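Q: What follows is a structure written as structure tokens; I'll ask about it next.
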Amino acid sequence: MNESKIQTGEWSLQTRKSTIHLAKWTALWVLTMVLATFGSLLLWESTLLTIIAILINLSVGIGMIVSNIHHLKTTDEMMQKVQLEAMGISLGVGIVGGLSYSLLDTTNLISFNAEISHVVMLFALAYLVAVFAGLRKLQ
């Protein structure tokens, strides 16, 4: 994909299909996460059903990862570079920021518990900013 294709939004049919496929896997993973999180609170009281819901979420998550790998393989080299850099930045920010955040909690420098959801949001925001910055560099 050259710069003009990025700017006009032209993608190959294969990339469009893999993007839709990845979006479906991601949505399914989010739904299974909701089910695993709230099922025991709202729908059932069974530990076995909770374990099953978590295993389903894990399985769908693996499917989402495989779909993401496939999707990356359908993109061109420039987009793969943008994605790789964004993933590296978000991994670094998430690990360094997340561990520092955890240290603030374990040393009682913050008055609340460090939650994994906060670290996930940090990963996601770092990834989004890095992707947009990488795409902006290509323009």
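Please note that chains go A, B, ... in the order of the structure tokens, that every chain numbers its residues from 1, and that ligands are numbered from 1 in the order shown.
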Contacts of Gly92 (chain A) at 12 Å or less, counting only C-alpha atoms, minus same-chain residues fewer than 3 places along, as a list in words?
A: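 Neighbouring residues, sequence-local ones excluded: Glu85, Ala86, Met87, Gly88, Ile89, Ile95, Val96, Gly97, Gly98, Leu99, Ser100, Val119, Leu122, Phe123, Ala126, Tyr127 and Ala130 of chain A.
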Q: Could you save the residues just selected, with all heavy atoms, as a tab-separated table (two decimals), in the first residue's frame?
A:
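Written file, result.tsv:
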```
chain	number	residue	atom	x	y	z
A	85	GLU	N	5.81	-1.13	15.15
A	85	GLU	CA	6.28	-0.06	16.02
A	85	GLU	C	5.25	0.27	17.10
A	85	GLU	O	5.60	0.47	18.26
A	85	GLU	CB	6.61	1.19	15.19
A	85	GLU	CG	7.88	1.05	14.39
A	85	GLU	CD	8.19	2.27	13.53
A	85	GLU	OE1	7.42	3.26	13.58
A	85	GLU	OE2	9.18	2.23	12.80
A	86	ALA	N	3.98	0.32	16.72
A	86	ALA	CA	2.92	0.63	17.68
A	86	ALA	C	2.82	-0.46	18.75
A	86	ALA	O	2.65	-0.16	19.94
A	86	ALA	CB	1.58	0.79	16.96
A	87	MET	N	2.95	-1.71	18.34
A	87	MET	CA	2.91	-2.80	19.32
A	87	MET	C	4.11	-2.74	20.26
A	87	MET	O	3.97	-2.96	21.46
A	87	MET	CB	2.86	-4.15	18.59
A	87	MET	CG	1.55	-4.42	17.92
A	87	MET	SD	1.64	-5.97	16.99
A	87	MET	CE	0.08	-5.95	16.16
A	88	GLY	N	5.27	-2.44	19.71
A	88	GLY	CA	6.47	-2.32	20.56
A	88	GLY	C	6.35	-1.18	21.55
A	88	GLY	O	6.69	-1.32	22.73
A	89	ILE	N	5.86	-0.04	21.10
A	89	ILE	CA	5.68	1.10	21.98
A	89	ILE	C	4.66	0.80	23.06
A	89	ILE	O	4.89	1.05	24.25
A	89	ILE	CB	5.28	2.36	21.17
A	89	ILE	CG1	6.47	2.83	20.34
A	89	ILE	CG2	4.75	3.47	22.08
A	89	ILE	CD1	6.13	3.87	19.29
A	95	ILE	N	4.25	-2.19	30.07
A	95	ILE	CA	5.05	-2.88	31.08
A	95	ILE	C	5.69	-1.90	32.04
A	95	ILE	O	5.56	-2.03	33.26
A	95	ILE	CB	6.10	-3.79	30.42
A	95	ILE	CG1	5.42	-5.00	29.77
A	95	ILE	CG2	7.15	-4.25	31.44
A	95	ILE	CD1	6.33	-5.90	28.99
A	96	VAL	N	6.36	-0.88	31.51
A	96	VAL	CA	7.02	0.08	32.39
A	96	VAL	C	5.99	0.86	33.21
A	96	VAL	O	6.10	0.98	34.43
A	96	VAL	CB	7.93	1.04	31.57
A	96	VAL	CG1	8.45	2.17	32.44
A	96	VAL	CG2	9.08	0.26	30.94
A	97	GLY	N	4.97	1.37	32.52
A	97	GLY	CA	3.93	2.12	33.23
A	97	GLY	C	3.14	1.25	34.19
A	97	GLY	O	2.84	1.66	35.32
A	98	GLY	N	2.81	0.04	33.76
A	98	GLY	CA	2.04	-0.87	34.60
A	98	GLY	C	2.79	-1.30	35.85
A	98	GLY	O	2.22	-1.35	36.94
A	99	LEU	N	4.06	-1.61	35.70
A	99	LEU	CA	4.85	-2.00	36.86
A	99	LEU	C	5.07	-0.82	37.81
A	99	LEU	O	5.04	-0.99	39.03
A	99	LEU	CB	6.17	-2.63	36.44
A	99	LEU	CG	6.04	-4.02	35.79
A	99	LEU	CD1	7.38	-4.50	35.28
A	99	LEU	CD2	5.44	-5.01	36.75
A	100	SER	N	5.27	0.36	37.26
A	100	SER	CA	5.40	1.55	38.11
A	100	SER	C	4.10	1.81	38.86
A	100	SER	O	4.11	2.15	40.05
A	100	SER	CB	5.79	2.77	37.28
A	100	SER	OG	7.05	2.61	36.72
A	119	VAL	N	-4.24	-0.74	33.47
A	119	VAL	CA	-3.07	-1.06	32.66
A	119	VAL	C	-3.50	-1.42	31.24
A	119	VAL	O	-2.85	-1.02	30.27
A	119	VAL	CB	-2.24	-2.19	33.31
A	119	VAL	CG1	-1.04	-2.56	32.45
A	119	VAL	CG2	-1.79	-1.79	34.70
A	122	LEU	N	-4.08	1.71	29.47
A	122	LEU	CA	-2.80	2.32	29.14
A	122	LEU	C	-2.22	1.69	27.87
A	122	LEU	O	-1.76	2.40	26.97
A	122	LEU	CB	-1.83	2.19	30.31
A	122	LEU	CG	-0.43	2.75	30.10
A	122	LEU	CD1	-0.48	4.26	29.89
A	122	LEU	CD2	0.47	2.39	31.29
A	123	PHE	N	-2.23	0.36	27.79
A	123	PHE	CA	-1.78	-0.35	26.59
A	123	PHE	C	-2.55	0.15	25.36
A	123	PHE	O	-1.96	0.47	24.33
A	123	PHE	CB	-2.03	-1.86	26.72
A	123	PHE	CG	-0.88	-2.66	27.26
A	123	PHE	CD1	-0.87	-3.07	28.58
A	123	PHE	CD2	0.17	-3.05	26.45
A	123	PHE	CE1	0.16	-3.84	29.08
A	123	PHE	CE2	1.21	-3.81	26.93
A	123	PHE	CZ	1.21	-4.20	28.26
A	126	ALA	N	-1.77	3.81	24.39
A	126	ALA	CA	-0.42	3.90	23.82
A	126	ALA	C	-0.41	3.34	22.40
A	126	ALA	O	0.20	3.92	21.50
A	126	ALA	CB	0.58	3.15	24.70
A	127	TYR	N	-1.11	2.23	22.19
A	127	TYR	CA	-1.18	1.62	20.86
A	127	TYR	C	-1.86	2.56	19.87
A	127	TYR	O	-1.36	2.79	18.76
A	127	TYR	CB	-1.91	0.28	20.95
A	127	TYR	CG	-2.12	-0.38	19.62
A	127	TYR	CD1	-1.07	-1.02	18.97
A	127	TYR	CD2	-3.37	-0.37	19.01
A	127	TYR	CE1	-1.25	-1.62	17.74
A	127	TYR	CE2	-3.56	-0.98	17.79
A	127	TYR	CZ	-2.51	-1.59	17.15
A	127	TYR	OH	-2.69	-2.18	15.94
A	130	ALA	N	0.30	5.53	19.03
A	130	ALA	CA	1.44	5.12	18.21
A	130	ALA	C	1.01	4.80	16.79
A	130	ALA	O	1.74	5.14	15.83
A	130	ALA	CB	2.14	3.92	18.85
```
Q: Write out as a list in words which residues come within 12 Å of region 44-51 of chain A when counting only C-alpha atoms, dropping same-chain ones fewer than 6 positions away.
A: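 These residues fall inside the cut-off: Thr32, Met33, Val34, Leu35, Ala36, Thr37, Phe38, Asn57 and Leu58 of chain A.
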Q: Write out, as a tab-separated table (two decimals), in the first residue's frame, the residues just selected, with C-alpha atoms.
A:
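Result saved to out-v4.tsv:
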```tsv
chain	number	residue	atom	x	y	z
A	32	THR	CA	-17.06	-13.56	26.10
A	33	MET	CA	-15.14	-11.29	28.46
A	34	VAL	CA	-18.43	-9.66	29.51
A	35	LEU	CA	-20.01	-13.08	29.97
A	36	ALA	CA	-17.08	-14.38	32.04
A	37	THR	CA	-17.02	-11.20	34.13
A	38	PHE	CA	-20.71	-10.69	34.81
A	57	ASN	CA	-12.99	-16.47	26.71
A	58	LEU	CA	-9.43	-17.82	26.64
```
Q: Just asking: which residues within chain A are helix (DSSP H, G or I) according to DSSP, as a ChimeraX atom specification?
A: /A:3-8,13-42,47-74,77-106,116-138
Q: Residues at most 12 Å from region 65-74 of chain A, counting only C-alpha atoms, excluding those fewer than 2 positions away in the same chain, as a tab-separated table (two decimals) with all heavy atoms, in the first residue's frame?
A:
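Output below, filename result.tsv:
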```
chain	number	residue	atom	x	y	z
A	1	MET	N	0.85	-1.17	0.00
A	1	MET	CA	0.00	0.00	0.00
A	1	MET	C	0.90	1.23	0.00
A	1	MET	O	1.67	1.44	0.90
A	1	MET	CB	-0.87	-0.02	1.26
A	1	MET	CG	-2.07	0.82	1.16
A	1	MET	SD	-3.09	0.77	2.66
A	1	MET	CE	-3.62	-0.91	2.71
A	11	TRP	N	-7.86	-0.32	0.03
A	11	TRP	CA	-7.26	-1.54	0.57
A	11	TRP	C	-7.53	-2.66	-0.42
A	11	TRP	O	-8.50	-2.63	-1.17
A	11	TRP	CB	-7.90	-1.93	1.89
A	11	TRP	CG	-7.54	-1.12	3.06
A	11	TRP	CD1	-6.66	-0.08	3.14
A	11	TRP	CD2	-8.08	-1.27	4.37
A	11	TRP	NE1	-6.62	0.41	4.40
A	11	TRP	CE2	-7.48	-0.30	5.17
A	11	TRP	CE3	-9.01	-2.14	4.93
A	11	TRP	CZ2	-7.78	-0.18	6.52
A	11	TRP	CZ3	-9.30	-2.01	6.26
A	11	TRP	CH2	-8.68	-1.04	7.05
A	12	SER	N	-6.70	-3.69	-0.33
A	12	SER	CA	-6.97	-4.86	-1.15
A	12	SER	C	-8.19	-5.58	-0.58
A	12	SER	O	-8.54	-5.40	0.60
A	12	SER	CB	-5.77	-5.80	-1.15
A	12	SER	OG	-5.64	-6.42	0.12
A	13	LEU	N	-8.83	-6.36	-1.41
A	13	LEU	CA	-10.01	-7.13	-0.96
A	13	LEU	C	-9.61	-8.07	0.18
A	13	LEU	O	-10.35	-8.22	1.15
A	13	LEU	CB	-10.59	-7.91	-2.13
A	13	LEU	CG	-11.84	-8.73	-1.85
A	13	LEU	CD1	-12.97	-7.83	-1.34
A	13	LEU	CD2	-12.28	-9.47	-3.08
A	14	GLN	N	-8.43	-8.67	0.09
A	14	GLN	CA	-7.96	-9.58	1.13
A	14	GLN	C	-7.79	-8.85	2.46
A	14	GLN	O	-8.17	-9.36	3.51
A	14	GLN	CB	-6.64	-10.22	0.70
A	14	GLN	CG	-6.11	-11.23	1.68
A	14	GLN	CD	-4.79	-11.83	1.25
A	14	GLN	OE1	-4.12	-11.34	0.34
A	14	GLN	NE2	-4.39	-12.90	1.91
A	15	THR	N	-7.25	-7.63	2.43
A	15	THR	CA	-7.07	-6.85	3.65
A	15	THR	C	-8.42	-6.46	4.24
A	15	THR	O	-8.61	-6.52	5.45
A	15	THR	CB	-6.20	-5.61	3.38
A	15	THR	OG1	-4.94	-6.02	2.87
A	15	THR	CG2	-5.99	-4.80	4.65
A	16	ARG	N	-9.36	-6.07	3.39
A	16	ARG	CA	-10.70	-5.73	3.88
A	16	ARG	C	-11.35	-6.93	4.57
A	16	ARG	O	-11.92	-6.81	5.66
A	16	ARG	CB	-11.60	-5.28	2.74
A	16	ARG	CG	-11.33	-3.90	2.25
A	16	ARG	CD	-12.27	-3.57	1.09
A	16	ARG	NE	-11.83	-2.42	0.38
A	16	ARG	CZ	-12.42	-1.25	0.44
A	16	ARG	NH1	-13.49	-1.10	1.17
A	16	ARG	NH2	-11.95	-0.22	-0.23
A	17	LYS	N	-11.25	-8.09	3.93
A	17	LYS	CA	-11.84	-9.30	4.51
A	17	LYS	C	-11.18	-9.66	5.84
A	17	LYS	O	-11.85	-10.01	6.81
A	17	LYS	CB	-11.73	-10.47	3.54
A	17	LYS	CG	-12.69	-10.41	2.39
A	17	LYS	CD	-12.54	-11.62	1.47
A	17	LYS	CE	-13.52	-11.59	0.33
A	17	LYS	NZ	-13.37	-12.75	-0.55
A	18	SER	N	-9.85	-9.55	5.90
A	18	SER	CA	-9.17	-9.91	7.14
A	18	SER	C	-9.46	-8.89	8.24
A	18	SER	O	-9.51	-9.24	9.42
A	18	SER	CB	-7.66	-10.06	6.93
A	18	SER	OG	-7.03	-8.83	6.73
A	19	THR	N	-9.68	-7.64	7.87
A	19	THR	CA	-10.05	-6.61	8.85
A	19	THR	C	-11.41	-6.91	9.45
A	19	THR	O	-11.61	-6.84	10.67
A	19	THR	CB	-10.04	-5.21	8.21
A	19	THR	OG1	-8.74	-4.94	7.69
A	19	THR	CG2	-10.41	-4.14	9.22
A	20	ILE	N	-12.36	-7.27	8.60
A	20	ILE	CA	-13.71	-7.63	9.07
A	20	ILE	C	-13.65	-8.88	9.92
A	20	ILE	O	-14.28	-8.96	10.98
A	20	ILE	CB	-14.67	-7.80	7.87
A	20	ILE	CG1	-14.92	-6.44	7.21
A	20	ILE	CG2	-15.99	-8.45	8.30
A	20	ILE	CD1	-15.60	-6.53	5.86
A	21	HIS	N	-12.86	-9.85	9.49
A	21	HIS	CA	-12.69	-11.10	10.25
A	21	HIS	C	-12.12	-10.80	11.64
A	21	HIS	O	-12.60	-11.31	12.65
A	21	HIS	CB	-11.79	-12.05	9.47
A	21	HIS	CG	-11.67	-13.42	10.03
A	21	HIS	ND1	-12.70	-14.33	9.97
A	21	HIS	CD2	-10.65	-14.03	10.67
A	21	HIS	CE1	-12.32	-15.45	10.56
A	21	HIS	NE2	-11.08	-15.30	11.00
A	22	LEU	N	-11.09	-9.96	11.70
A	22	LEU	CA	-10.48	-9.57	12.97
A	22	LEU	C	-11.48	-8.82	13.84
A	22	LEU	O	-11.55	-9.05	15.05
A	22	LEU	CB	-9.23	-8.73	12.73
A	22	LEU	CG	-8.53	-8.18	13.98
A	22	LEU	CD1	-8.12	-9.31	14.92
A	22	LEU	CD2	-7.32	-7.34	13.57
A	23	ALA	N	-12.26	-7.94	13.25
A	23	ALA	CA	-13.27	-7.19	14.02
A	23	ALA	C	-14.30	-8.14	14.63
A	23	ALA	O	-14.70	-7.96	15.79
A	23	ALA	CB	-13.97	-6.17	13.12
A	24	LYS	N	-14.70	-9.16	13.89
A	24	LYS	CA	-15.65	-10.15	14.42
A	24	LYS	C	-15.05	-10.92	15.59
A	24	LYS	O	-15.70	-11.12	16.61
A	24	LYS	CB	-16.10	-11.10	13.32
A	24	LYS	CG	-17.02	-10.46	12.30
A	24	LYS	CD	-17.38	-11.43	11.20
A	24	LYS	CE	-18.25	-10.79	10.15
A	24	LYS	NZ	-18.55	-11.72	9.04
A	25	TRP	N	-13.80	-11.36	15.45
A	25	TRP	CA	-13.13	-12.09	16.53
A	25	TRP	C	-12.98	-11.20	17.76
A	25	TRP	O	-13.16	-11.64	18.89
A	25	TRP	CB	-11.76	-12.61	16.08
A	25	TRP	CG	-11.83	-13.97	15.44
A	25	TRP	CD1	-11.78	-14.24	14.11
A	25	TRP	CD2	-11.98	-15.22	16.11
A	25	TRP	NE1	-11.87	-15.59	13.93
A	25	TRP	CE2	-12.00	-16.22	15.14
A	25	TRP	CE3	-12.10	-15.58	17.45
A	25	TRP	CZ2	-12.14	-17.57	15.45
A	25	TRP	CZ3	-12.24	-16.94	17.76
A	25	TRP	CH2	-12.25	-17.90	16.76
A	26	THR	N	-12.64	-9.93	17.53
A	26	THR	CA	-12.46	-9.00	18.64
A	26	THR	C	-13.79	-8.77	19.36
A	26	THR	O	-13.84	-8.79	20.60
A	26	THR	CB	-11.88	-7.66	18.14
A	26	THR	OG1	-10.63	-7.93	17.48
A	26	THR	CG2	-11.65	-6.69	19.29
A	29	TRP	N	-14.62	-11.81	21.35
A	29	TRP	CA	-13.78	-11.87	22.55
A	29	TRP	C	-14.31	-10.93	23.63
A	29	TRP	O	-14.39	-11.30	24.80
A	29	TRP	CB	-12.34	-11.56	22.21
A	29	TRP	CG	-11.45	-11.55	23.41
A	29	TRP	CD1	-10.98	-12.63	24.11
A	29	TRP	CD2	-10.95	-10.40	24.10
A	29	TRP	NE1	-10.21	-12.22	25.18
A	29	TRP	CE2	-10.19	-10.85	25.19
A	29	TRP	CE3	-11.08	-9.03	23.88
A	29	TRP	CZ2	-9.55	-9.98	26.05
A	29	TRP	CZ3	-10.44	-8.17	24.75
A	29	TRP	CH2	-9.69	-8.65	25.83
A	58	LEU	N	-10.83	-17.54	26.98
A	58	LEU	CA	-9.43	-17.82	26.64
A	58	LEU	C	-9.32	-18.38	25.22
A	58	LEU	O	-8.47	-17.93	24.44
A	58	LEU	CB	-8.83	-18.80	27.65
A	58	LEU	CG	-7.39	-19.23	27.41
A	58	LEU	CD1	-6.44	-18.04	27.49
A	58	LEU	CD2	-7.00	-20.31	28.40
A	59	SER	N	-10.19	-19.31	24.87
A	59	SER	CA	-10.17	-19.92	23.54
A	59	SER	C	-10.46	-18.88	22.45
A	59	SER	O	-9.79	-18.84	21.42
A	59	SER	CB	-11.20	-21.05	23.45
A	59	SER	OG	-10.89	-22.05	24.38
A	60	VAL	N	-11.47	-18.06	22.68
A	60	VAL	CA	-11.80	-17.02	21.71
A	60	VAL	C	-10.66	-16.00	21.62
A	60	VAL	O	-10.34	-15.51	20.54
A	60	VAL	CB	-13.15	-16.35	22.06
A	60	VAL	CG1	-13.42	-15.14	21.18
A	60	VAL	CG2	-14.29	-17.35	21.94
A	61	GLY	N	-10.02	-15.72	22.75
A	61	GLY	CA	-8.86	-14.82	22.75
A	61	GLY	C	-7.73	-15.36	21.89
A	61	GLY	O	-7.09	-14.60	21.15
A	62	ILE	N	-7.49	-16.65	21.96
A	62	ILE	CA	-6.47	-17.27	21.11
A	62	ILE	C	-6.86	-17.14	19.64
A	62	ILE	O	-6.03	-16.81	18.79
A	62	ILE	CB	-6.24	-18.74	21.51
A	62	ILE	CG1	-5.57	-18.79	22.89
A	62	ILE	CG2	-5.40	-19.48	20.47
A	62	ILE	CD1	-5.55	-20.17	23.53
A	63	GLY	N	-8.14	-17.35	19.36
A	63	GLY	CA	-8.63	-17.15	17.99
A	63	GLY	C	-8.43	-15.72	17.52
A	63	GLY	O	-8.07	-15.48	16.36
A	76	ASP	N	0.48	-4.48	3.72
A	76	ASP	CA	1.76	-4.28	3.06
A	76	ASP	C	2.87	-3.98	4.07
A	76	ASP	O	2.61	-3.86	5.27
A	76	ASP	CB	1.66	-3.17	2.00
A	76	ASP	CG	1.44	-1.80	2.60
A	76	ASP	OD1	1.42	-1.67	3.84
A	76	ASP	OD2	1.29	-0.84	1.82
A	77	GLU	N	4.07	-3.85	3.59
A	77	GLU	CA	5.24	-3.69	4.46
A	77	GLU	C	5.18	-2.40	5.29
A	77	GLU	O	5.58	-2.40	6.45
A	77	GLU	CB	6.52	-3.72	3.64
A	77	GLU	CG	6.82	-5.10	3.08
A	77	GLU	CD	8.03	-5.09	2.16
A	77	GLU	OE1	8.72	-4.06	2.05
A	77	GLU	OE2	8.28	-6.13	1.54
A	78	MET	N	4.68	-1.32	4.70
A	78	MET	CA	4.62	-0.06	5.46
A	78	MET	C	3.64	-0.17	6.62
A	78	MET	O	3.93	0.27	7.73
A	78	MET	CB	4.24	1.10	4.54
A	78	MET	CG	5.36	1.53	3.63
A	78	MET	SD	5.03	3.08	2.75
A	78	MET	CE	3.51	2.75	1.94
A	79	MET	N	2.50	-0.77	6.37
A	79	MET	CA	1.51	-0.90	7.43
A	79	MET	C	1.99	-1.88	8.49
A	79	MET	O	1.76	-1.67	9.68
A	79	MET	CB	0.17	-1.36	6.84
A	79	MET	CG	-0.96	-1.15	7.79
A	79	MET	SD	-1.05	0.57	8.28
A	79	MET	CE	-2.76	0.72	8.56
A	80	GLN	N	2.67	-2.93	8.08
A	80	GLN	CA	3.25	-3.86	9.04
A	80	GLN	C	4.26	-3.15	9.92
A	80	GLN	O	4.32	-3.37	11.13
A	80	GLN	CB	3.92	-5.04	8.32
A	80	GLN	CG	2.94	-6.01	7.72
A	80	GLN	CD	3.63	-7.11	6.94
A	80	GLN	OE1	4.85	-7.19	6.86
A	80	GLN	NE2	2.84	-7.99	6.33
A	81	LYS	N	5.05	-2.25	9.33
A	81	LYS	CA	6.03	-1.48	10.10
A	81	LYS	C	5.33	-0.58	11.11
A	81	LYS	O	5.74	-0.52	12.28
A	81	LYS	CB	6.90	-0.65	9.16
A	81	LYS	CG	8.00	0.13	9.86
A	81	LYS	CD	8.82	0.90	8.82
A	81	LYS	CE	10.00	1.62	9.41
A	81	LYS	NZ	9.74	2.55	10.45
A	82	VAL	N	4.28	0.10	10.70
A	82	VAL	CA	3.51	0.96	11.61
A	82	VAL	C	2.96	0.13	12.76
A	82	VAL	O	3.07	0.51	13.93
A	82	VAL	CB	2.37	1.69	10.86
A	82	VAL	CG1	1.39	2.33	11.83
A	82	VAL	CG2	2.93	2.73	9.90
A	83	GLN	N	2.37	-1.02	12.44
A	83	GLN	CA	1.79	-1.89	13.46
A	83	GLN	C	2.86	-2.42	14.41
A	83	GLN	O	2.66	-2.45	15.63
A	83	GLN	CB	1.05	-3.06	12.81
A	83	GLN	CG	-0.19	-2.66	12.06
A	83	GLN	CD	-1.31	-2.23	12.99
A	83	GLN	OE1	-1.42	-2.69	14.12
A	83	GLN	NE2	-2.14	-1.33	12.51
A	84	LEU	N	3.98	-2.86	13.86
A	84	LEU	CA	5.06	-3.40	14.69
A	84	LEU	C	5.60	-2.34	15.66
A	84	LEU	O	5.79	-2.61	16.84
A	84	LEU	CB	6.19	-3.93	13.81
A	84	LEU	CG	7.40	-4.52	14.54
A	84	LEU	CD1	6.98	-5.76	15.36
A	84	LEU	CD2	8.49	-4.88	13.55
A	87	MET	N	2.95	-1.71	18.34
A	87	MET	CA	2.91	-2.80	19.32
A	87	MET	C	4.11	-2.74	20.26
A	87	MET	O	3.97	-2.96	21.46
A	87	MET	CB	2.86	-4.15	18.59
A	87	MET	CG	1.55	-4.42	17.92
A	87	MET	SD	1.64	-5.97	16.99
A	87	MET	CE	0.08	-5.95	16.16
```
Q: What separation in Å, quoted to one decimal, exists between CA of Gly94 (chain A) and CA of Leu28 (chain A)?
A: 23.9 Å
Q: Smallest atom-to-atom distance to Val129 (chain A): which of A:Thr75, A:Thr106, A:Ser90, A:Ser40, using only C-alpha atoms?
A: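 Ranked by minimum distance to Val129 (chain A), first place goes to A:Ser90.
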